[in-house]
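Structure data (compact mmCIF, C-alpha atoms and all ligand atoms) from upload18.txt:
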# COMPACT_ATOMS: atom_id res chain seq x y z
CA MET A 37 51.97 -18.64 -60.31
CA ALA A 38 48.85 -20.25 -61.22
CA GLU A 39 47.77 -23.27 -63.17
CA PRO A 40 44.53 -24.95 -64.04
CA ALA A 41 43.08 -26.20 -60.80
CA ASN A 42 41.25 -28.94 -62.59
CA THR A 43 44.19 -30.30 -64.54
CA PRO A 44 44.93 -33.80 -63.40
CA MET A 45 48.55 -34.75 -62.90
CA PRO A 46 49.35 -36.55 -66.14
CA PRO A 47 50.83 -40.03 -66.01
CA SER A 48 54.55 -40.16 -65.46
CA THR A 49 55.54 -41.08 -69.01
CA PRO A 50 58.36 -38.75 -69.97
CA ILE A 51 57.83 -36.61 -73.05
CA SER A 52 59.17 -38.64 -75.90
CA ALA A 53 62.18 -37.26 -77.68
CA THR A 54 60.16 -36.86 -80.85
CA PRO A 55 56.69 -35.40 -81.03
CA ARG A 56 53.93 -37.93 -81.31
CA SER A 57 53.13 -38.70 -84.89
CA ALA A 58 49.92 -37.67 -86.54
CA SER A 59 47.02 -40.04 -86.54
CA PRO A 60 46.17 -41.28 -90.05
CA ALA A 61 43.15 -38.99 -90.14
CA GLN A 62 45.23 -35.90 -89.57
CA SER A 63 47.37 -33.89 -91.92
CA ALA A 64 51.08 -34.49 -91.96
CA PRO A 65 53.01 -31.26 -92.19
CA PRO A 66 56.78 -31.59 -91.90
CA GLN A 67 57.83 -33.53 -88.84
CA PRO A 68 60.78 -32.39 -86.77
CA GLY A 69 63.69 -34.81 -86.88
CA PRO A 70 64.46 -37.06 -83.94
CA LEU A 71 65.85 -35.27 -80.94
CA PRO A 72 68.49 -36.67 -78.66
CA PRO A 73 67.42 -37.18 -75.07
CA ILE A 74 67.66 -33.93 -73.18
CA PRO A 75 69.31 -34.12 -69.76
CA ALA A 76 66.90 -31.64 -68.20
CA PHE A 77 64.08 -34.13 -68.60
CA THR A 78 65.82 -36.74 -66.56
CA THR A 79 66.26 -34.44 -63.58
CA SER A 80 62.58 -33.97 -62.86
CA SER A 81 60.83 -37.07 -63.99
CA SER A 82 57.57 -36.37 -62.23
CA SER A 83 57.02 -32.91 -63.62
CA PHE A 84 57.30 -33.66 -67.30
CA SER A 85 54.80 -36.05 -68.66
CA SER A 86 52.96 -36.66 -71.85
CA TYR A 87 49.50 -35.25 -71.96
CA SER A 88 47.24 -38.23 -72.24
CA GLY A 89 43.83 -36.67 -72.63
CA THR A 90 41.84 -36.79 -75.81
CA VAL A 91 42.03 -33.74 -78.00
CA PRO A 92 39.77 -32.64 -80.79
CA SER A 93 41.25 -32.59 -84.24
CA ILE A 94 41.59 -28.96 -85.13
CA ARG A 95 40.24 -27.96 -88.50
CA HIS A 96 42.30 -25.44 -90.24
CA PRO A 97 42.22 -23.82 -93.66
CA HIS A 98 45.92 -24.33 -94.30
CA HIS A 99 46.10 -27.82 -92.93
CA SER A 100 43.43 -29.92 -94.51
CA ALA A 101 42.55 -33.04 -92.58
CA SER A 102 42.89 -34.96 -95.81
CA SER A 103 46.54 -35.57 -96.50
CA SER A 104 45.74 -37.25 -99.80
CA THR A 105 44.45 -34.02 -101.33
CA SER A 106 47.72 -32.24 -101.06
CA SER A 107 47.78 -28.68 -102.28
CA THR A 108 50.37 -25.96 -102.13
CA THR A 109 49.03 -24.82 -98.79
CA ASP A 110 49.21 -28.35 -97.39
CA THR A 111 52.89 -28.63 -98.05
CA ARG A 112 54.16 -25.16 -97.21
CA LYS A 113 56.57 -25.01 -94.31
CA PRO A 114 54.65 -23.92 -91.21
CA VAL A 115 55.73 -20.65 -89.66
CA VAL A 116 56.46 -20.17 -85.98
CA LEU A 117 56.35 -16.67 -84.54
CA HIS A 118 58.84 -16.72 -81.67
CA ILE A 119 58.16 -13.82 -79.32
CA GLY A 120 60.62 -12.81 -76.62
CA ASP A 121 64.11 -13.87 -75.65
CA PRO A 122 66.15 -16.37 -77.61
CA ILE A 123 66.29 -19.94 -76.34
CA GLN A 124 68.95 -20.14 -73.63
CA TYR A 125 68.96 -23.72 -72.43
CA ASN A 126 67.67 -26.05 -75.12
CA PRO A 127 69.55 -25.38 -78.34
CA GLN A 128 69.07 -28.89 -79.69
CA THR A 129 65.33 -28.66 -79.52
CA TYR A 130 65.41 -25.21 -81.08
CA ALA A 131 67.59 -26.55 -83.87
CA ALA A 132 65.03 -29.28 -84.53
CA LEU A 133 62.20 -26.76 -84.47
CA SER A 134 64.05 -24.44 -86.83
CA ALA A 135 64.88 -27.26 -89.20
CA SER A 136 61.23 -28.19 -89.60
CA PHE A 137 59.55 -24.81 -89.46
CA THR A 138 60.27 -21.28 -90.55
CA VAL A 139 60.93 -19.38 -87.34
CA ILE A 140 60.43 -15.62 -87.22
CA ARG A 141 61.55 -13.73 -84.13
CA PRO A 142 60.38 -10.11 -84.15
CA PRO A 143 62.81 -7.72 -82.46
CA ALA A 144 61.77 -6.02 -79.20
CA ALA A 145 60.91 -2.83 -81.09
CA GLU A 146 58.15 -4.67 -82.93
CA ARG A 147 56.67 -6.14 -79.78
CA SER A 148 55.26 -3.02 -78.12
CA ARG A 149 51.49 -3.04 -78.45
CA PRO A 150 51.10 -0.42 -81.19
CA GLN A 151 53.91 -1.96 -83.21
CA PHE A 152 52.70 -5.50 -82.74
CA LEU A 153 49.12 -4.67 -83.73
CA GLN A 154 50.37 -2.74 -86.73
CA ALA A 155 52.55 -5.64 -87.82
CA LEU A 156 49.57 -7.99 -87.56
CA ARG A 157 47.41 -5.64 -89.60
CA GLU A 158 50.10 -5.47 -92.27
CA ARG A 159 50.55 -9.25 -92.23
CA ARG A 160 54.25 -8.53 -91.74
CA TRP A 161 54.88 -12.07 -90.55
CA GLY A 162 52.60 -13.67 -93.10
CA ASP A 163 50.33 -16.59 -92.26
CA PHE A 164 52.04 -17.94 -89.18
CA ASP A 165 50.89 -21.22 -87.69
CA ALA A 166 52.25 -21.10 -84.15
CA VAL A 167 53.21 -18.58 -81.51
CA LEU A 168 56.08 -19.57 -79.25
CA ARG A 169 56.75 -17.65 -76.07
CA PRO A 170 59.43 -19.68 -74.33
CA PHE A 171 60.38 -17.27 -71.54
CA TRP A 172 57.95 -15.55 -69.21
CA GLY A 173 60.15 -12.50 -68.65
CA THR A 174 59.82 -11.33 -72.24
CA GLY A 175 57.37 -11.80 -75.07
CA GLY A 176 54.52 -10.11 -73.24
CA GLU A 177 55.38 -6.57 -74.35
CA MET A 178 52.29 -6.31 -76.54
CA GLY A 179 50.02 -6.71 -73.51
CA ARG A 180 46.96 -8.83 -73.23
CA TRP A 181 45.91 -11.09 -76.09
CA ASP A 182 42.39 -9.74 -75.96
CA ALA A 183 39.70 -9.31 -78.63
CA GLU A 184 41.50 -6.35 -80.19
CA LEU A 185 44.64 -8.40 -80.75
CA VAL A 186 43.10 -11.81 -81.37
CA GLU A 187 40.94 -10.45 -84.19
CA LEU A 188 44.09 -9.51 -86.07
CA LEU A 189 45.62 -12.98 -85.92
CA PRO A 190 45.90 -14.87 -89.18
CA ALA A 191 43.42 -17.68 -89.73
CA SER A 192 46.41 -19.99 -90.08
CA LEU A 193 47.29 -19.82 -86.37
CA ARG A 194 46.75 -23.13 -84.58
CA VAL A 195 48.74 -23.06 -81.38
CA PHE A 196 50.07 -20.54 -78.85
CA ALA A 197 52.59 -22.28 -76.62
CA SER A 198 53.80 -20.16 -73.76
CA ALA A 199 55.98 -20.09 -70.72
CA GLY A 200 54.12 -19.45 -67.50
CA ALA A 201 51.67 -21.47 -65.53
CA GLY A 202 49.24 -18.58 -65.43
CA PHE A 203 47.52 -17.49 -68.60
CA ASP A 204 45.78 -14.31 -67.56
CA TRP A 205 47.59 -12.42 -70.34
CA ALA A 206 45.53 -14.18 -72.99
CA ASP A 207 41.83 -14.56 -73.58
CA VAL A 208 42.10 -18.31 -73.92
CA GLU A 209 38.38 -18.73 -74.48
CA LEU A 210 38.47 -16.43 -77.48
CA LEU A 211 41.60 -18.11 -78.80
CA GLY A 212 39.87 -21.46 -78.46
CA GLU A 213 36.80 -20.24 -80.29
CA ARG A 214 39.12 -19.26 -83.14
CA GLY A 215 40.54 -22.78 -83.22
CA ILE A 216 43.79 -21.83 -81.49
CA VAL A 217 45.04 -24.16 -78.76
CA TYR A 218 46.72 -22.38 -75.86
CA CYS A 219 49.35 -24.47 -74.07
CA ASN A 220 50.76 -23.23 -70.78
CA GLY A 221 53.95 -24.05 -68.90
CA GLY A 222 52.41 -25.15 -65.63
CA LEU A 223 54.05 -28.56 -65.65
CA ALA A 224 57.47 -26.95 -65.88
CA ALA A 225 56.90 -24.60 -62.97
CA ALA A 226 54.94 -26.76 -60.53
CA GLU A 227 57.88 -28.12 -58.59
CA ALA A 228 59.46 -24.70 -58.09
CA VAL A 229 56.18 -23.16 -56.98
CA ALA A 230 55.44 -26.00 -54.60
CA ASP A 231 58.92 -25.81 -53.05
CA PHE A 232 58.51 -22.09 -52.53
CA ALA A 233 55.05 -22.54 -51.07
CA VAL A 234 56.51 -24.91 -48.49
CA ALA A 235 58.70 -22.05 -47.26
CA LEU A 236 55.71 -19.71 -47.12
CA VAL A 237 53.52 -22.17 -45.25
CA ILE A 238 56.29 -22.77 -42.72
CA GLY A 239 56.66 -19.00 -42.48
CA THR A 240 53.05 -18.65 -41.39
CA PHE A 241 53.30 -21.34 -38.70
CA ARG A 242 56.69 -20.22 -37.34
CA ALA A 243 56.30 -16.40 -37.33
CA LEU A 244 59.22 -16.17 -39.74
CA PRO A 245 58.70 -12.51 -40.79
CA TYR A 246 58.89 -11.57 -37.12
CA CYS A 247 61.99 -13.73 -36.52
CA LEU A 248 63.76 -12.43 -39.63
CA SER A 249 63.15 -8.75 -38.99
CA SER A 250 63.96 -9.02 -35.28
CA ALA A 251 67.33 -10.65 -35.92
CA THR A 252 68.58 -7.49 -37.59
CA GLY A 253 66.80 -5.06 -35.27
CA GLY A 254 69.35 -4.92 -32.46
CA PRO A 255 69.90 -6.93 -29.25
CA GLN A 256 66.65 -5.92 -27.58
CA LYS A 257 64.49 -6.97 -30.47
CA PHE A 258 66.51 -10.15 -30.76
CA GLU A 259 65.90 -11.11 -27.17
CA LYS A 260 62.26 -10.13 -27.24
CA CYS A 261 61.69 -12.19 -30.36
CA HIS A 262 63.58 -15.12 -28.88
CA ASP A 263 60.93 -15.21 -26.14
CA ASP A 264 57.84 -13.99 -27.98
CA ALA A 265 58.05 -16.13 -31.09
CA THR A 266 57.53 -19.32 -29.10
CA PRO A 267 53.86 -18.88 -28.18
CA ARG A 268 53.18 -17.75 -31.74
CA SER A 269 54.79 -20.80 -33.33
CA ARG A 270 53.35 -24.21 -34.04
CA ASN A 271 54.75 -27.47 -35.36
CA LEU A 272 53.22 -28.42 -38.71
CA ARG A 273 52.49 -32.01 -37.77
CA SER A 274 48.76 -32.62 -37.29
CA GLN A 275 47.83 -29.15 -38.49
CA THR A 276 45.34 -28.98 -41.34
CA LEU A 277 46.32 -27.51 -44.68
CA GLY A 278 43.56 -26.46 -47.09
CA LEU A 279 44.50 -26.40 -50.76
CA VAL A 280 42.37 -24.30 -53.08
CA GLY A 281 43.09 -26.11 -56.34
CA LEU A 282 44.47 -29.59 -56.78
CA GLY A 283 46.28 -29.15 -60.09
CA ASN A 284 49.96 -29.80 -60.60
CA ILE A 285 51.05 -27.47 -57.81
CA GLY A 286 48.36 -28.56 -55.37
CA GLN A 287 49.21 -32.21 -55.93
CA GLN A 288 52.90 -31.63 -55.26
CA LEU A 289 52.02 -29.67 -52.12
CA ALA A 290 49.76 -32.42 -50.89
CA LEU A 291 52.54 -34.99 -51.15
CA LYS A 292 55.15 -32.75 -49.57
CA PHE A 293 52.95 -31.78 -46.63
CA THR A 294 51.50 -35.20 -45.91
CA LEU A 295 54.73 -37.18 -46.34
CA ALA A 296 57.33 -34.76 -45.03
CA PHE A 297 55.37 -32.86 -42.40
CA GLY A 298 52.58 -35.16 -41.30
CA MET A 299 49.87 -32.60 -41.99
CA THR A 300 46.25 -33.33 -42.74
CA VAL A 301 45.54 -32.05 -46.25
CA LEU A 302 42.11 -31.01 -47.51
CA TYR A 303 41.35 -29.62 -50.94
CA TYR A 304 38.63 -27.78 -52.75
CA ASP A 305 38.43 -27.71 -56.53
CA ILE A 306 35.77 -27.15 -59.16
CA GLU A 307 35.75 -30.86 -59.82
CA ARG A 308 36.42 -33.62 -57.36
CA LYS A 309 39.47 -35.70 -58.33
CA PRO A 310 39.26 -39.46 -58.81
CA ALA A 311 39.32 -41.49 -55.60
CA ALA A 312 42.54 -43.20 -56.67
CA LEU A 313 44.34 -39.88 -56.92
CA GLU A 314 42.91 -38.68 -53.61
CA GLY A 315 44.12 -41.92 -52.04
CA LYS A 316 47.58 -41.63 -53.55
CA LEU A 317 47.95 -38.08 -52.30
CA GLY A 318 46.25 -38.69 -48.98
CA VAL A 319 43.88 -35.76 -49.40
CA ARG A 320 40.24 -35.24 -48.52
CA PHE A 321 37.79 -33.27 -50.69
CA CYS A 322 35.71 -30.39 -49.32
CA ALA A 323 32.56 -29.70 -51.28
CA SER A 324 32.75 -25.93 -50.83
CA LEU A 325 35.32 -23.23 -50.31
CA GLU A 326 33.58 -22.35 -47.07
CA ALA A 327 33.91 -25.90 -45.75
CA LEU A 328 37.59 -25.93 -46.66
CA ILE A 329 38.37 -22.59 -45.05
CA ARG A 330 36.42 -23.37 -41.89
CA SER A 331 38.43 -26.59 -41.40
CA SER A 332 41.92 -25.34 -42.25
CA ASP A 333 44.72 -23.97 -40.08
CA CYS A 334 46.36 -22.65 -43.23
CA VAL A 335 44.78 -22.09 -46.64
CA VAL A 336 46.96 -22.14 -49.77
CA LEU A 337 45.74 -20.62 -53.04
CA CYS A 338 47.07 -22.58 -56.02
CA THR A 339 44.35 -22.10 -58.61
CA PRO A 340 44.10 -19.95 -61.77
CA SER A 341 43.02 -16.33 -61.61
CA GLY A 342 39.81 -17.18 -63.45
CA ALA A 343 38.41 -18.33 -60.12
CA GLY A 344 37.78 -14.67 -59.23
CA GLN A 345 38.28 -12.94 -55.89
CA LEU A 346 37.99 -15.97 -53.63
CA ILE A 347 39.37 -14.30 -50.53
CA ASN A 348 37.21 -11.35 -49.59
CA ALA A 349 35.47 -9.96 -46.53
CA GLN A 350 32.89 -12.76 -46.61
CA SER A 351 35.30 -15.65 -46.97
CA LEU A 352 37.76 -14.14 -44.49
CA ALA A 353 35.02 -14.43 -41.89
CA TRP A 354 35.07 -18.22 -42.42
CA PHE A 355 38.68 -18.57 -41.25
CA PRO A 356 39.04 -20.02 -37.77
CA PRO A 357 40.51 -17.55 -35.25
CA GLY A 358 44.24 -17.24 -35.95
CA GLY A 359 43.92 -18.79 -39.43
CA ARG A 360 46.65 -18.39 -42.03
CA LEU A 361 46.68 -17.65 -45.76
CA VAL A 362 49.30 -18.36 -48.43
CA ASN A 363 48.98 -17.18 -52.04
CA VAL A 364 51.23 -18.55 -54.79
CA ALA A 365 48.62 -18.20 -57.53
CA ARG A 366 47.50 -14.72 -58.55
CA GLY A 367 47.01 -11.51 -56.60
CA SER A 368 43.60 -10.98 -58.15
CA LEU A 369 42.28 -13.89 -56.07
CA VAL A 370 42.55 -11.81 -52.89
CA ASP A 371 40.86 -8.61 -51.71
CA GLU A 372 44.02 -7.25 -50.12
CA GLU A 373 42.30 -4.48 -48.20
CA ALA A 374 39.96 -6.99 -46.60
CA LEU A 375 42.92 -9.25 -45.86
CA ALA A 376 44.83 -6.39 -44.25
CA SER A 377 41.81 -5.63 -42.04
CA ALA A 378 41.57 -9.27 -40.98
CA LEU A 379 45.28 -9.34 -40.10
CA GLU A 380 45.19 -6.00 -38.29
CA ALA A 381 42.20 -7.20 -36.27
CA GLY A 382 44.00 -10.45 -35.37
CA LYS A 383 41.37 -12.58 -37.06
CA LEU A 384 44.15 -14.10 -39.16
CA SER A 385 47.49 -14.69 -37.46
CA ALA A 386 49.65 -14.72 -40.59
CA ALA A 387 49.73 -14.43 -44.35
CA ALA A 388 52.40 -15.11 -46.94
CA LEU A 389 51.91 -13.66 -50.40
CA ASP A 390 54.16 -14.21 -53.37
CA VAL A 391 51.70 -12.57 -55.75
CA HIS A 392 49.96 -9.25 -55.47
CA ALA A 393 46.90 -7.58 -56.92
CA ASP A 394 48.77 -4.57 -58.35
CA GLU A 395 52.23 -5.93 -59.19
CA PRO A 396 54.88 -4.66 -59.07
CA ARG A 397 53.32 -2.64 -56.26
CA VAL A 398 52.58 -4.20 -52.89
CA ASN A 399 49.61 -3.23 -50.76
CA PRO A 400 50.93 -0.65 -48.25
CA ARG A 401 48.84 -1.95 -45.34
CA LEU A 402 50.21 -5.44 -45.89
CA ALA A 403 53.72 -4.06 -46.31
CA ALA A 404 53.34 -2.35 -42.92
CA LEU A 405 52.85 -5.79 -41.36
CA ALA A 406 55.82 -7.36 -43.11
CA ASP A 407 58.09 -7.15 -40.07
CA ASP A 408 55.64 -9.13 -38.03
CA ARG A 409 53.01 -11.44 -39.50
CA VAL A 410 53.05 -10.97 -43.24
CA MET A 411 55.65 -12.50 -45.53
CA LEU A 412 55.85 -10.78 -48.91
CA THR A 413 57.88 -11.87 -51.90
CA CYS A 414 58.21 -10.62 -55.45
CA HIS A 415 56.34 -13.22 -57.54
CA ASN A 416 59.36 -15.48 -57.17
CA ALA A 417 57.76 -18.87 -56.55
CA GLY A 418 58.16 -20.33 -60.03
CA GLY A 419 61.44 -18.64 -60.82
CA THR A 420 64.21 -21.20 -60.93
CA VAL A 421 66.67 -22.25 -63.60
CA GLU A 422 64.87 -25.59 -63.86
CA THR A 423 61.59 -23.81 -64.54
CA HIS A 424 63.18 -21.71 -67.28
CA VAL A 425 64.70 -24.81 -68.87
CA GLY A 426 61.34 -26.52 -68.72
CA PHE A 427 59.33 -23.57 -70.01
CA GLU A 428 61.48 -23.42 -73.12
CA GLU A 429 61.41 -27.13 -73.76
CA LEU A 430 57.73 -27.59 -73.09
CA ALA A 431 56.69 -24.62 -75.24
CA MET A 432 58.76 -25.88 -78.19
CA ARG A 433 57.47 -29.40 -77.83
CA ASN A 434 53.90 -28.18 -77.73
CA VAL A 435 54.48 -26.33 -81.00
CA MET A 436 56.15 -29.34 -82.60
CA ALA A 437 53.40 -31.65 -81.40
CA VAL A 438 50.56 -29.56 -82.81
CA LEU A 439 52.24 -28.58 -86.07
CA GLY A 440 53.33 -32.19 -86.46
CA GLY A 441 49.68 -33.22 -86.42
CA GLY A 442 49.74 -34.68 -82.93
CA ALA A 443 48.12 -33.76 -79.65
CA PRO A 444 49.23 -30.74 -77.66
CA ILE A 445 51.00 -31.68 -74.44
CA THR A 446 49.61 -29.06 -72.05
CA PRO A 447 46.51 -27.49 -73.63
CA ILE A 448 44.28 -25.51 -71.31
CA ASN A 449 41.48 -24.28 -73.58
CA LEU A 450 40.25 -27.38 -75.40
CA GLN A 451 36.79 -26.93 -73.90
CA TYR A 452 36.37 -23.81 -76.01
CA LEU A 453 37.56 -25.51 -79.16
CA LYS A 454 34.98 -28.23 -78.56
CA LYS A 455 32.27 -25.65 -78.06
CA LYS A 456 33.06 -24.32 -81.51
CA GLY A 457 32.56 -27.79 -82.95
CA GLY A 458 36.20 -28.43 -83.66
CA ALA A 459 36.14 -31.95 -82.25
O1 LIG B 501 53.27 -16.73 -62.20
C1 LIG B 501 53.97 -17.40 -62.88
C2 LIG B 501 53.47 -18.24 -63.92
O2 LIG B 501 52.36 -17.99 -64.36
O3 LIG B 501 54.15 -19.18 -64.30

Translate the structure of the given file into structure tokens.
Ligand SMILES: O=CC(=O)O
Amino acid sequence: MAEPANTPMPPSTPISATPRSASPAQSAPPQPGPLPPIPAFTTSSSSFSSYSGTVPSIRHPHHSASSSTSSTTDTRKPVVLHIGDPIQYNPQTYAALSASFTVIRPPAAERSRPQFLQALRERRWGDFDAVLRPFWGTGGEMGRWDAELVELLPASLRVFASAGAGFDWADVELLGERGIVYCNGGLAAAEAVADFAVALVIGTFRALPYCLSSATGGPQKFEKCHDDATPRSRNLRSQTLGLVGLGNIGQQLALKFTLAFGMTVLYYDIERKPAALEGKLGVRFCASLEALIRSSDCVVLCTPSGAGQLINAQSLAWFPPGGRLVNVARGSLVDEEALASALEAGKLSAAALDVHADEPRVNPRLAALADDRVMLTCHNAGGTVETHVGFEELAMRNVMAVLGGGAPITPINLQYLKKKGGA
């Protein structure tokens, strides 16, 4: 579960019940009607916030920036292509979306790659304006949104709002260059991922894989573990945690580990965060990955996959003897063979991986250590009911915001739109 490492935690203004209105300079396609407050938003006030950054106005052939020169294309009802499962948790928001826009939901049979590409070539869904993927478990059947697919998209498309913190299934740079804003679901998943990561970090300090497997291994193993786990286990207080990425997940982890566990928290990110945020979170910046790893008792990866293979033979050598690694981001960030060698050699004392390089397969050498010093889970960190509720709601609100002429809430590729001169 990854998210942009350089995304600052937005201010804690809840998402307003209605999308923000268009600025006078922007077009004014149909606005969704007012929505009643949605209970889910009151349960997690810190994770849902309005995006407050500046966004470029997005030029678009079907949505002229000049509302006074209305034409037939200016006033047509925008079309939303809803890919994947129906909305499960937020029917009121879906009703508002459907009232304002024409929603097309292709059946599963049309979502396999050949079918999907063919449908795009045939313009089967016409000139759609938004893609909505509200659930991460479905809607990805067509595979990666790469050049082959993106080239077939209608010029009318302005926003792709998706579930999921990670966005490795889409070439977001290419989308941006085509004037399409990609909005992810990181805000909705951050709390779940951070909670899960707490369990994994504790697992690495307390030899939990060893304790868990020994408990069911018979009386001898039980007794041996009762004795042997002690010298392998450490309290978290005063240990140093190194966060790779201080986005939404990293920020939640910093607070949890400083406030609840008394840990020292360091972070490394592509951009240093403002001093006020560092102060609020109680974190210290490391200017390089090497400096972070060398100073950390446990390193947590919570950065997007675009960062490349950060943990490899070279960087594993930087870990202090007995260091620990936790990955709740993407498997592609880790050279698993090199990690297995470091664990087998005792260079690292523990690892906990929720994500894997070749999902749904797990590295066999790491699996062989799973009864002792490696905790492996099935890409579960973000998967909670609250995340699903939030993914749906956030994706729909992103669509309504953009098609309503306002700013996207959680865009992650605006830098590429700017490059194209869309600002
Ligand atoms: O991995 C899960 C996500 O990207 O949200």

Separation of CA of Leu236 in chain A from CA of Val364 in chain A, in Å and rounded to one decimal: 9.0 Å

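Reported to one decimal place, the separation of CA of Ala230 in chain A from CA of Leu313 in chain A is 17.9 Å.
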
Environment of ligand LIG 501 (chain B) within 7 Å, counting only C-alpha atoms and all ligand atoms, reported as a PyMOL selection string: chain A and resi 37-38+199-203+221-222+225+365+415+418

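With only C-alpha atoms taken into account, every residue lying no more than 10 Å from the file point (44.1, -12.3, -83.3) is included here: Leu153, Leu156, Arg157, Trp181, Asp182, Ala183, Glu184, Leu185, Val186, Glu187, Leu188, Leu189, Pro190, Ala191, Leu193, Leu210, Leu211, Arg214 and Ile216 of chain A.
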
Selection to disk with C-alpha atoms, as a tab-separated table (two decimals), keeping the file's coordinate frame:
chain	number	residue	atom	x	y	z
A	153	LEU	CA	49.12	-4.67	-83.73
A	156	LEU	CA	49.57	-7.99	-87.56
A	157	ARG	CA	47.41	-5.64	-89.60
A	181	TRP	CA	45.91	-11.09	-76.09
A	182	ASP	CA	42.39	-9.74	-75.96
A	183	ALA	CA	39.70	-9.31	-78.63
A	184	GLU	CA	41.50	-6.35	-80.19
A	185	LEU	CA	44.64	-8.40	-80.75
A	186	VAL	CA	43.10	-11.81	-81.37
A	187	GLU	CA	40.94	-10.45	-84.19
A	188	LEU	CA	44.09	-9.51	-86.07
A	189	LEU	CA	45.62	-12.98	-85.92
A	190	PRO	CA	45.90	-14.87	-89.18
A	191	ALA	CA	43.42	-17.68	-89.73
A	193	LEU	CA	47.29	-19.82	-86.37
A	210	LEU	CA	38.47	-16.43	-77.48
A	211	LEU	CA	41.60	-18.11	-78.80
A	214	ARG	CA	39.12	-19.26	-83.14
A	216	ILE	CA	43.79	-21.83	-81.49

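In this structure, CA of Gly358 in chain A sits 5.6 Å away from CA of Lys383 in chain A.
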
Neighbour list for Phe297 in chain A as number ranges by chain, cut-off 7 Å, only C-alpha atoms, skip fewer than 2 positions in-chain: A: 272-273, 293-295, 299

Enclose the full set of atoms of range 411-421 of chain A listed in the file within a box whose edges lie along x, y and z, apply 3 Å of padding to each of the six sides, and report centre and edge lengths in Å to one decimal as AutoDock Vina command-line options.
--center_x 61.2 --center_y -16.4 --center_z -54.6 --size_x 17.0 --size_y 17.6 --size_z 24.1

Residues within 8 Å of range 320-331 of chain A, only C-alpha atoms, excluding chain neighbours under 4 positions, as a list in words: Thr276, Gly278, Val280, Val301, Leu302, Tyr303, Tyr304, Arg308, Glu314, Val335, Ser351, Trp354, Phe355 and Pro356 of chain A

Close residues, range 243-247 of chain A itself excluded, 8 Å, all atoms listed in the file, min 3 positions apart in chain, as a list in words: Ile238, Gly239, Thr240, Ser250, Ala251, Cys261, His262, Ala265, Arg268, Ser269, Ala386, Ala406, Asp407, Asp408, Arg409, Val410 and Met411 of chain A

Pick from A:Ala312, A:Ala431, A:Ala145, A:Ala387, whichever lies nearest to Arg242 in chain A using only C-alpha atoms: A:Ala387

Distance query 12 Å from (53.3, -11.6, -51.7) using all atoms listed in the file, result as a PyMOL selection string: chain A and resi 37+232-233+236+337+361-368+370+372+387-400+402-403+405-406+410-417

Just to be explicit: take each residue in the selection above, keep C-alpha atoms, and write the result as an mmCIF file, keeping the file's coordinate frame.
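For reference, out_10.cif as written:
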data_model
loop_
_atom_site.group_PDB
_atom_site.id
_atom_site.type_symbol
_atom_site.label_atom_id
_atom_site.label_comp_id
_atom_site.auth_asym_id
_atom_site.auth_seq_id
_atom_site.Cartn_x
_atom_site.Cartn_y
_atom_site.Cartn_z
ATOM 1 C CA MET A 37 51.970 -18.640 -60.310
ATOM 2 C CA PHE A 232 58.510 -22.090 -52.530
ATOM 3 C CA ALA A 233 55.050 -22.540 -51.070
ATOM 4 C CA LEU A 236 55.710 -19.710 -47.120
ATOM 5 C CA LEU A 337 45.740 -20.620 -53.040
ATOM 6 C CA LEU A 361 46.680 -17.650 -45.760
ATOM 7 C CA VAL A 362 49.300 -18.360 -48.430
ATOM 8 C CA ASN A 363 48.980 -17.180 -52.040
ATOM 9 C CA VAL A 364 51.230 -18.550 -54.790
ATOM 10 C CA ALA A 365 48.620 -18.200 -57.530
ATOM 11 C CA ARG A 366 47.500 -14.720 -58.550
ATOM 12 C CA GLY A 367 47.010 -11.510 -56.600
ATOM 13 C CA SER A 368 43.600 -10.980 -58.150
ATOM 14 C CA VAL A 370 42.550 -11.810 -52.890
ATOM 15 C CA GLU A 372 44.020 -7.250 -50.120
ATOM 16 C CA ALA A 387 49.730 -14.430 -44.350
ATOM 17 C CA ALA A 388 52.400 -15.110 -46.940
ATOM 18 C CA LEU A 389 51.910 -13.660 -50.400
ATOM 19 C CA ASP A 390 54.160 -14.210 -53.370
ATOM 20 C CA VAL A 391 51.700 -12.570 -55.750
ATOM 21 C CA HIS A 392 49.960 -9.250 -55.470
ATOM 22 C CA ALA A 393 46.900 -7.580 -56.920
ATOM 23 C CA ASP A 394 48.770 -4.570 -58.350
ATOM 24 C CA GLU A 395 52.230 -5.930 -59.190
ATOM 25 C CA PRO A 396 54.880 -4.660 -59.070
ATOM 26 C CA ARG A 397 53.320 -2.640 -56.260
ATOM 27 C CA VAL A 398 52.580 -4.200 -52.890
ATOM 28 C CA ASN A 399 49.610 -3.230 -50.760
ATOM 29 C CA PRO A 400 50.930 -0.650 -48.250
ATOM 30 C CA LEU A 402 50.210 -5.440 -45.890
ATOM 31 C CA ALA A 403 53.720 -4.060 -46.310
ATOM 32 C CA LEU A 405 52.850 -5.790 -41.360
ATOM 33 C CA ALA A 406 55.820 -7.360 -43.110
ATOM 34 C CA VAL A 410 53.050 -10.970 -43.240
ATOM 35 C CA MET A 411 55.650 -12.500 -45.530
ATOM 36 C CA LEU A 412 55.850 -10.780 -48.910
ATOM 37 C CA THR A 413 57.880 -11.870 -51.900
ATOM 38 C CA CYS A 414 58.210 -10.620 -55.450
ATOM 39 C CA HIS A 415 56.340 -13.220 -57.540
ATOM 40 C CA ASN A 416 59.360 -15.480 -57.170
ATOM 41 C CA ALA A 417 57.760 -18.870 -56.550
#
